[in-house]
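Everything below concerns the one structure shown next.
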Amino acid sequence: MLLPMYSRPSIAIDRGDGPYVYDTNGRRYLDFITGVGVNALGHNHPRITQVIAEQAARCIHTSNLYHHAYQKPLAEKLAQWAGLDSVFFTNSGSEAIETALKAAKARGKHHLIAVENSFHGRTMGSLSITGQPKYRKPFQPMLPGVDFIRPNCLDDLASAFRKETAAIIVEPVQGEGGIHILTAPFLLEAQRLARRYDALFIADEVQCGLGRTGTRFAYQRISGLQPDIVVTAKPLAAGLPLAATIFSHRAAEALAPGMHGSTFGGGPLACRVASEVLAIIDELLPDIRENAIYLRERLQELLTIYGVREIRTAGLMAAIQLNFSGAPLVEEAMRQGLLINCTHETTLRMLPPFTITRSQIDEACNILGSVVQAAQESGSVLAYL
Ligand SMILES: Cc1ncc(COP(=O)(O)O)c(C=O)c1O
């Protein structure tokens, strides 16, 4: 039997087609959560399935004992996208964060600064810097030497840095935390202090990166911001496990050959697919920006018509803030053919695919409107609005 670690609805997904998935009974759902941001190109993108088929027939895995043709060009492309120098490949966001933490600690300092309400993963290192006590609590003690500061608080930043500080890690847009944007003054000051204290400025772009906010990386909306390390994963290989930690020379200087490694990380299938993903994302960036504006406008209508508490968006990341539990609304949306999820109990989160169209945004927003309205009419939530 399965370890009961997830609470899931009773449907089982059978297949996908663009922005839609179908369950085993043939029912269709508009997928606005995309495997938590992984299926950013939608399902079964023809260019991706073709590359997968070709490469699967040639070679899936080599291990990192040998070179193959696809790792280096992908590393060069990612480094170029991030304005950085070198890349280490792993299989998940958490592992890529671990890689960044090891690079920071290998420079001889141990103090880490992270932000409250952040999410960086479930391994012991990434969990230690995750700014939500509910995730850390059952697994104490955590890595020593981690301080959490309030998001966008310049005073906290000023008092957190010290000469032992190895790194500060931020999500430019907090995803799992409910789509909260870190401000330009906060991020620029974090970078300034990191440089002053010879610490690394690490951007966790696992959820907000690779086109999701309309630029290649979310930090690039802020001019003058250049992290020492950028961490990316989720949509990188269109659903095949692949993550990348992208370094400046300074950030990687303490990592000597043999100090880190991965059996699966950066195999030929995943890397070849990722190169195709990056090419497609670059083509989609103008559409992403345009559709992000439309999505925000349509969601704002929910605010005025149905009086939900707040709408937060950053590109194609969106949250509807409720004053009551979101879980029943997620269930009702699914019943009406829309997949979203709920984070922080009262926040509905959406990560629609980059290939979304206006009419599909309309379809989703109409369902959301009807779901919120139904919740109000049932009386169960009226009192809280
Ligand atoms: C910002 C961020 N960092 C790290 C992770 C961890 O990634 P993974 O679940 O692939 O280990 C996540 C996962 O949601 C994330 O959103």
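The chains in the structure tokens are called A, B, ... from first to last as shown; in each chain the residues are counted from 1, and the ligands are counted from 1 in the order shown.
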
Which residues of chain A sit at most 6 Å from ligand 1, using only C-alpha atoms and all ligand atoms? Give each one's shortest atom pair and distance in Å (one decimal place), in chain and ascending residue order, as JSON lines.
{"residue": "A:Ser92", "atom": "CA", "partner": "ligand 1", "partner_atom_place_in_ligand_line": "10 (O)", "distance": 3.8}
{"residue": "A:Gly93", "atom": "CA", "partner": "ligand 1", "partner_atom_place_in_ligand_line": "7 (O)", "distance": 3.3}
{"residue": "A:Ser94", "atom": "CA", "partner": "ligand 1", "partner_atom_place_in_ligand_line": "11 (O)", "distance": 3.6}
{"residue": "A:Phe119", "atom": "CA", "partner": "ligand 1", "partner_atom_place_in_ligand_line": "2 (C)", "distance": 5.4}
{"residue": "A:His120", "atom": "CA", "partner": "ligand 1", "partner_atom_place_in_ligand_line": "3 (N)", "distance": 3.7}
{"residue": "A:Gly121", "atom": "CA", "partner": "ligand 1", "partner_atom_place_in_ligand_line": "6 (C)", "distance": 3.8}
{"residue": "A:Glu171", "atom": "CA", "partner": "ligand 1", "partner_atom_place_in_ligand_line": "1 (C)", "distance": 6.0}
{"residue": "A:Gly175", "atom": "CA", "partner": "ligand 1", "partner_atom_place_in_ligand_line": "16 (O)", "distance": 5.7}
{"residue": "A:Glu176", "atom": "CA", "partner": "ligand 1", "partner_atom_place_in_ligand_line": "16 (O)", "distance": 5.6}
{"residue": "A:Asp204", "atom": "CA", "partner": "ligand 1", "partner_atom_place_in_ligand_line": "1 (C)", "distance": 5.6}
{"residue": "A:Glu205", "atom": "CA", "partner": "ligand 1", "partner_atom_place_in_ligand_line": "1 (C)", "distance": 6.0}
{"residue": "A:Val206", "atom": "CA", "partner": "ligand 1", "partner_atom_place_in_ligand_line": "1 (C)", "distance": 4.7}
{"residue": "A:Gln207", "atom": "CA", "partner": "ligand 1", "partner_atom_place_in_ligand_line": "16 (O)", "distance": 4.6}

Quick one: contact table of stretch 18-117 of chain A to stretch 257-270 of chain A, 8 Å max, nearest atom pair and distance in Å to one decimal per residue, counting only C-alpha atoms, chain and number order, as CSV?
residue,atom,partner,partner_atom,distance
A:Ile52,CA,A:Leu269,CA,6.7
A:Gln55,CA,A:Leu269,CA,5.8
A:Ala56,CA,A:Leu269,CA,6.5
A:Cys59,CA,A:Pro268,CA,6.8
A:Ile60,CA,A:Leu269,CA,5.0
A:His61,CA,A:Gly267,CA,5.1
A:Thr62,CA,A:Gly267,CA,6.3
A:Ser63,CA,A:Thr263,CA,5.5
A:Asn64,CA,A:Thr263,CA,6.5
A:His68,CA,A:Pro268,CA,6.5
A:Ala69,CA,A:Pro268,CA,7.2
A:Tyr70,CA,A:Pro268,CA,5.7
A:Gln71,CA,A:Gly266,CA,6.3
A:Phe89,CA,A:Gly266,CA,5.0
A:Thr90,CA,A:Gly265,CA,3.9
A:Asn91,CA,A:Gly265,CA,5.3
A:Thr99,CA,A:His260,CA,7.8

If we count only C-alpha atoms, what is near stretch 197-201 of chain A at a cut-off of 8 Å, once residues fewer than 2 positions away on the same chain are taken out, given as a PDB file with N, CA and C atoms, in the first residue's frame?
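New file out_8.pdb:
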ATOM      1  N   ALA A 104      27.450  27.327  -0.631  1.00  0.00           N
ATOM      2  CA  ALA A 104      27.605  28.460   0.295  1.00  0.00           C
ATOM      3  C   ALA A 104      28.432  28.036   1.511  1.00  0.00           C
ATOM      4  N   PHE A 161      22.408  40.354   8.866  1.00  0.00           N
ATOM      5  CA  PHE A 161      23.737  40.062   8.282  1.00  0.00           C
ATOM      6  C   PHE A 161      24.841  40.213   9.316  1.00  0.00           C
ATOM      7  N   ARG A 162      25.826  39.323   9.246  1.00  0.00           N
ATOM      8  CA  ARG A 162      27.037  39.442  10.065  1.00  0.00           C
ATOM      9  C   ARG A 162      28.198  38.782   9.324  1.00  0.00           C
ATOM     10  N   LYS A 163      29.380  38.875   9.885  1.00  0.00           N
ATOM     11  CA  LYS A 163      30.532  38.431   9.076  1.00  0.00           C
ATOM     12  C   LYS A 163      30.507  36.918   8.809  1.00  0.00           C
ATOM     13  N   THR A 165      27.900  35.322   7.878  1.00  0.00           N
ATOM     14  CA  THR A 165      26.795  34.992   6.972  1.00  0.00           C
ATOM     15  C   THR A 165      27.326  34.384   5.671  1.00  0.00           C
ATOM     16  N   ALA A 166      26.862  33.183   5.383  1.00  0.00           N
ATOM     17  CA  ALA A 166      27.287  32.487   4.168  1.00  0.00           C
ATOM     18  C   ALA A 166      26.391  32.849   2.992  1.00  0.00           C
ATOM     19  N   ALA A 167      25.080  33.036   3.272  1.00  0.00           N
ATOM     20  CA  ALA A 167      24.152  33.285   2.159  1.00  0.00           C
ATOM     21  C   ALA A 167      22.826  33.795   2.669  1.00  0.00           C
ATOM     22  N   ILE A 168      22.162  34.535   1.808  1.00  0.00           N
ATOM     23  CA  ILE A 168      20.737  34.825   2.008  1.00  0.00           C
ATOM     24  C   ILE A 168      20.001  34.179   0.852  1.00  0.00           C
ATOM     25  N   ILE A 169      18.880  33.526   1.157  1.00  0.00           N
ATOM     26  CA  ILE A 169      18.118  32.850   0.103  1.00  0.00           C
ATOM     27  C   ILE A 169      16.699  33.404   0.060  1.00  0.00           C
ATOM     28  N   ALA A 190      19.134  43.266  -0.004  1.00  0.00           N
ATOM     29  CA  ALA A 190      19.674  41.936   0.334  1.00  0.00           C
ATOM     30  C   ALA A 190      20.937  41.671  -0.482  1.00  0.00           C
ATOM     31  N   GLN A 191      20.888  42.025  -1.761  1.00  0.00           N
ATOM     32  CA  GLN A 191      22.062  41.828  -2.614  1.00  0.00           C
ATOM     33  C   GLN A 191      23.236  42.701  -2.161  1.00  0.00           C
ATOM     34  N   LEU A 193      23.865  43.917   0.832  1.00  0.00           N
ATOM     35  CA  LEU A 193      24.438  43.426   2.087  1.00  0.00           C
ATOM     36  C   LEU A 193      25.199  42.120   1.863  1.00  0.00           C
ATOM     37  N   ALA A 194      24.675  41.275   0.991  1.00  0.00           N
ATOM     38  CA  ALA A 194      25.379  40.016   0.702  1.00  0.00           C
ATOM     39  C   ALA A 194      26.777  40.319   0.160  1.00  0.00           C
ATOM     40  N   ARG A 195      26.860  41.295  -0.741  1.00  0.00           N
ATOM     41  CA  ARG A 195      28.180  41.635  -1.297  1.00  0.00           C
ATOM     42  C   ARG A 195      29.083  42.209  -0.208  1.00  0.00           C
ATOM     43  N   ALA A 203      18.801  33.101  -5.387  1.00  0.00           N
ATOM     44  CA  ALA A 203      17.398  33.236  -5.789  1.00  0.00           C
ATOM     45  C   ALA A 203      16.820  31.850  -6.056  1.00  0.00           C
ATOM     46  N   PRO A 227      21.643  37.690  -8.905  1.00  0.00           N
ATOM     47  CA  PRO A 227      22.006  36.726  -7.854  1.00  0.00           C
ATOM     48  C   PRO A 227      23.341  36.042  -8.154  1.00  0.00           C
ATOM     49  N   ASP A 228      23.963  35.514  -7.088  1.00  0.00           N
ATOM     50  CA  ASP A 228      25.177  34.706  -7.258  1.00  0.00           C
ATOM     51  C   ASP A 228      24.813  33.280  -7.629  1.00  0.00           C
ATOM     52  N   ILE A 229      23.628  32.845  -7.169  1.00  0.00           N
ATOM     53  CA  ILE A 229      23.139  31.497  -7.504  1.00  0.00           C
ATOM     54  C   ILE A 229      21.654  31.612  -7.850  1.00  0.00           C
ATOM     55  N   ALA A 251      30.475  32.057  -6.540  1.00  0.00           N
ATOM     56  CA  ALA A 251      29.627  31.145  -5.761  1.00  0.00           C
ATOM     57  C   ALA A 251      30.124  29.702  -5.836  1.00  0.00           C
TER      58      ALA A 251
END

| Residue nearest A:Trp81 among A:Gly209, A:Pro172, A:Pro141, A:Gly369 (counting only C-alpha atoms) |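 Comparing A:Gly209, A:Pro172, A:Pro141, A:Gly369 against A:Trp81, the winner is A:Gly209.
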
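Within stretch 306-380 of chain A, the backbone-based DSSP assignment of strand (DSSP E or B) covers Glu310, Ile311, Arg312, Thr313, Ala314, Met317, Ala318, Ala319, Ile320, Gln321, Leu338, Leu339, Asn341, Cys342, Thr343, Thr347, Leu348, Arg349 and Met350 of chain A.
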
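Considering the residues A:Leu127, A:Ile149, A:Ala233, A:Leu368 and counting only C-alpha atoms, A:Ile305 has its shortest atom-to-atom contact with A:Leu368.
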
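Proximity of A:Gly125, A:Glu116, A:Gln226, A:Arg309 to A:Lys102, computed with only C-alpha atoms, is greatest for A:Gly125.
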
| message | Give me, as number ranges by chain, the residues of stretch 211-348 of chain A that a backbone DSSP run labels alpha helix (DSSP H). | response | A: 249-252, 268-306, 327-335

Please, could you write that set of residues out with N, CA and C atoms as a compact mmCIF listing (two decimals), in the first residue's frame?
# COMPACT_ATOMS: atom_id res chain seq x y z
N HIS A 249 31.07 32.49 -10.85
CA HIS A 249 32.39 31.92 -10.51
C HIS A 249 32.63 31.99 -9.00
N ARG A 250 32.27 33.16 -8.42
CA ARG A 250 32.51 33.34 -6.97
C ARG A 250 31.72 32.32 -6.15
N ALA A 251 30.47 32.06 -6.54
CA ALA A 251 29.63 31.15 -5.76
C ALA A 251 30.12 29.70 -5.84
N ALA A 252 30.77 29.36 -6.96
CA ALA A 252 31.18 27.97 -7.16
C ALA A 252 32.63 27.74 -6.75
N PRO A 268 20.82 12.43 -20.47
CA PRO A 268 20.62 12.91 -21.84
C PRO A 268 19.16 13.16 -22.21
N LEU A 269 18.26 12.31 -21.73
CA LEU A 269 16.85 12.52 -22.07
C LEU A 269 16.36 13.84 -21.47
N ALA A 270 16.56 13.99 -20.16
CA ALA A 270 16.06 15.21 -19.49
C ALA A 270 16.73 16.46 -20.07
N CYS A 271 18.03 16.41 -20.32
CA CYS A 271 18.73 17.61 -20.81
C CYS A 271 18.31 17.98 -22.23
N ARG A 272 18.13 16.98 -23.06
CA ARG A 272 17.73 17.30 -24.44
C ARG A 272 16.33 17.91 -24.43
N VAL A 273 15.45 17.33 -23.62
CA VAL A 273 14.09 17.88 -23.52
C VAL A 273 14.14 19.31 -22.97
N ALA A 274 14.99 19.54 -21.97
CA ALA A 274 15.05 20.87 -21.36
C ALA A 274 15.50 21.93 -22.36
N SER A 275 16.43 21.58 -23.24
CA SER A 275 16.85 22.55 -24.25
C SER A 275 15.67 22.95 -25.13
N GLU A 276 14.85 21.97 -25.45
CA GLU A 276 13.65 22.27 -26.26
C GLU A 276 12.66 23.12 -25.44
N VAL A 277 12.53 22.80 -24.15
CA VAL A 277 11.63 23.58 -23.28
C VAL A 277 12.06 25.05 -23.27
N LEU A 278 13.36 25.30 -23.11
CA LEU A 278 13.83 26.69 -23.05
C LEU A 278 13.53 27.41 -24.36
N ALA A 279 13.73 26.72 -25.48
CA ALA A 279 13.45 27.36 -26.78
C ALA A 279 11.97 27.72 -26.88
N ILE A 280 11.11 26.82 -26.42
CA ILE A 280 9.65 27.09 -26.50
C ILE A 280 9.28 28.23 -25.55
N ILE A 281 9.84 28.22 -24.34
CA ILE A 281 9.51 29.29 -23.38
C ILE A 281 9.88 30.65 -23.96
N ASP A 282 11.06 30.74 -24.57
CA ASP A 282 11.46 32.02 -25.16
C ASP A 282 10.43 32.50 -26.18
N GLU A 283 9.91 31.59 -26.96
CA GLU A 283 8.90 31.98 -27.96
C GLU A 283 7.60 32.42 -27.28
N LEU A 284 7.32 31.86 -26.12
CA LEU A 284 6.02 32.12 -25.47
C LEU A 284 6.02 33.37 -24.57
N LEU A 285 7.19 33.95 -24.28
CA LEU A 285 7.25 35.04 -23.30
C LEU A 285 6.27 36.19 -23.60
N PRO A 286 6.18 36.66 -24.87
CA PRO A 286 5.22 37.75 -25.12
C PRO A 286 3.78 37.34 -24.79
N ASP A 287 3.39 36.11 -25.16
CA ASP A 287 2.03 35.62 -24.85
C ASP A 287 1.82 35.52 -23.34
N ILE A 288 2.85 35.05 -22.64
CA ILE A 288 2.72 34.91 -21.18
C ILE A 288 2.41 36.28 -20.57
N ARG A 289 3.15 37.30 -21.01
CA ARG A 289 2.94 38.65 -20.44
C ARG A 289 1.54 39.15 -20.73
N GLU A 290 1.11 38.93 -21.98
CA GLU A 290 -0.22 39.42 -22.36
C GLU A 290 -1.32 38.68 -21.60
N ASN A 291 -1.21 37.37 -21.54
CA ASN A 291 -2.25 36.58 -20.86
C ASN A 291 -2.24 36.80 -19.35
N ALA A 292 -1.07 37.13 -18.82
CA ALA A 292 -0.99 37.42 -17.38
C ALA A 292 -1.83 38.64 -17.05
N ILE A 293 -1.78 39.63 -17.92
CA ILE A 293 -2.57 40.85 -17.67
C ILE A 293 -4.06 40.51 -17.74
N TYR A 294 -4.41 39.72 -18.74
CA TYR A 294 -5.82 39.35 -18.90
C TYR A 294 -6.30 38.53 -17.70
N LEU A 295 -5.47 37.58 -17.26
CA LEU A 295 -5.84 36.76 -16.10
C LEU A 295 -6.06 37.66 -14.88
N ARG A 296 -5.16 38.63 -14.68
CA ARG A 296 -5.31 39.50 -13.51
C ARG A 296 -6.62 40.29 -13.59
N GLU A 297 -6.90 40.82 -14.80
CA GLU A 297 -8.14 41.59 -14.96
C GLU A 297 -9.37 40.74 -14.66
N ARG A 298 -9.36 39.53 -15.19
CA ARG A 298 -10.53 38.66 -14.98
C ARG A 298 -10.68 38.27 -13.51
N LEU A 299 -9.54 38.03 -12.85
CA LEU A 299 -9.62 37.67 -11.43
C LEU A 299 -10.06 38.86 -10.59
N GLN A 300 -9.62 40.06 -11.01
CA GLN A 300 -10.04 41.27 -10.26
C GLN A 300 -11.56 41.39 -10.25
N GLU A 301 -12.21 40.93 -11.33
CA GLU A 301 -13.68 40.99 -11.37
C GLU A 301 -14.28 40.18 -10.22
N LEU A 302 -13.61 39.09 -9.87
CA LEU A 302 -14.12 38.28 -8.74
C LEU A 302 -14.12 39.11 -7.46
N LEU A 303 -13.09 39.98 -7.41
CA LEU A 303 -12.95 40.83 -6.23
C LEU A 303 -14.14 41.78 -6.14
N THR A 304 -14.46 42.39 -7.29
CA THR A 304 -15.54 43.38 -7.24
C THR A 304 -16.91 42.71 -7.20
N ILE A 305 -17.09 41.63 -8.00
CA ILE A 305 -18.43 41.03 -8.05
C ILE A 305 -18.72 40.19 -6.82
N TYR A 306 -17.75 39.37 -6.42
CA TYR A 306 -18.06 38.41 -5.35
C TYR A 306 -17.40 38.75 -4.02
N ALA A 327 -10.43 24.66 0.81
CA ALA A 327 -10.51 23.27 0.35
C ALA A 327 -11.85 22.92 -0.30
N PRO A 328 -13.00 23.34 0.28
CA PRO A 328 -14.27 23.00 -0.37
C PRO A 328 -14.41 23.66 -1.75
N LEU A 329 -13.79 24.81 -1.93
CA LEU A 329 -13.87 25.49 -3.23
C LEU A 329 -13.02 24.77 -4.27
N VAL A 330 -11.89 24.22 -3.83
CA VAL A 330 -11.04 23.44 -4.74
C VAL A 330 -11.83 22.22 -5.23
N GLU A 331 -12.54 21.61 -4.29
CA GLU A 331 -13.34 20.42 -4.62
C GLU A 331 -14.47 20.76 -5.59
N GLU A 332 -15.14 21.88 -5.30
CA GLU A 332 -16.26 22.29 -6.15
C GLU A 332 -15.75 22.70 -7.54
N ALA A 333 -14.59 23.39 -7.59
CA ALA A 333 -14.02 23.76 -8.90
C ALA A 333 -13.74 22.50 -9.70
N MET A 334 -13.20 21.49 -9.04
CA MET A 334 -12.91 20.24 -9.73
C MET A 334 -14.20 19.60 -10.24
N ARG A 335 -15.23 19.65 -9.43
CA ARG A 335 -16.52 19.09 -9.85
C ARG A 335 -17.03 19.82 -11.10

Find the residues near A:Ile320: any atom within 8 Å, counting only C-alpha atoms, skip ones fewer than 4 places away on the same chain, and give them as a short mmCIF file (atom, residue, chain, number, x, y, z; two decimals) with N, CA and C atoms, in the first residue's frame.
data_model
loop_
_atom_site.label_atom_id
_atom_site.label_comp_id
_atom_site.auth_asym_id
_atom_site.auth_seq_id
_atom_site.Cartn_x
_atom_site.Cartn_y
_atom_site.Cartn_z
N VAL A 308 -14.27 38.58 -2.87
CA VAL A 308 -13.22 37.81 -2.21
C VAL A 308 -12.22 38.80 -1.61
N ARG A 309 -11.36 38.35 -0.70
CA ARG A 309 -10.59 39.32 0.08
C ARG A 309 -9.48 40.01 -0.72
N GLU A 310 -8.73 39.23 -1.48
CA GLU A 310 -7.60 39.82 -2.21
C GLU A 310 -7.24 38.92 -3.38
N ILE A 311 -6.79 39.56 -4.46
CA ILE A 311 -6.23 38.81 -5.59
C ILE A 311 -4.75 39.19 -5.67
N ARG A 312 -3.88 38.19 -5.75
CA ARG A 312 -2.45 38.48 -5.94
C ARG A 312 -1.98 37.75 -7.18
N THR A 347 -5.96 30.16 0.82
CA THR A 347 -5.50 30.76 -0.43
C THR A 347 -5.69 29.78 -1.58
N LEU A 348 -6.45 30.20 -2.60
CA LEU A 348 -6.56 29.39 -3.81
C LEU A 348 -5.41 29.77 -4.72
N ARG A 349 -4.66 28.77 -5.19
CA ARG A 349 -3.48 29.07 -6.02
C ARG A 349 -3.66 28.51 -7.42
#

Neighbouring residues of A:Asn44 were defined as those with any atom within 9 Å, considering only C-alpha atoms; residues of the same chain fewer than 6 positions away were excluded. Please report them as a compact mmCIF listing (two decimals) with C-alpha atoms, in the first residue's frame.
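The resulting file, part20.txt, is reproduced below:
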# COMPACT_ATOMS: atom_id res chain seq x y z
CA ARG A 15 -4.23 11.53 -19.92
CA GLY A 16 -3.57 15.12 -20.82
CA ASP A 17 -4.06 17.25 -23.90
CA GLY A 18 -2.74 20.83 -23.94

| task | Kindly indicate which residue among A:Leu316, A:Leu101, A:Ala238, A:Val170 lies nearest to A:Thr215, using only C-alpha atoms for the distances. | result |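 Residue with the minimum atom-to-atom distance to A:Thr215: A:Leu316.
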
| field | Closest of A:Leu3, A:Val230, A:Ile48, A:Ala96 to A:Gly83 - atom-to-atom distances counting only C-alpha atoms | value |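 Selected residue with least distance to A:Gly83: A:Val230.
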
| query | What lies within 7 Å of A:Val87 using only C-alpha atoms, ignoring chain neighbours under 5 positions off, as a list in words? | reply |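 What passes the distance filter is Ala75, Ala79, Ala244, Thr245, Ile246 and Phe247 of chain A.
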
| request: Find the residue from A:Leu154, A:Leu41, A:Val231, A:Ala319 that sits nearest to A:Asn341; use only C-alpha atoms when measuring. | output: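 Looking only at the distances to A:Asn341, the closest residue turns out to be A:Ala319.
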
| field | atom CA of A:Ala160 to atom CA of A:Asp147, distance in Å rounded to a single decimal | value | 7.2 Å
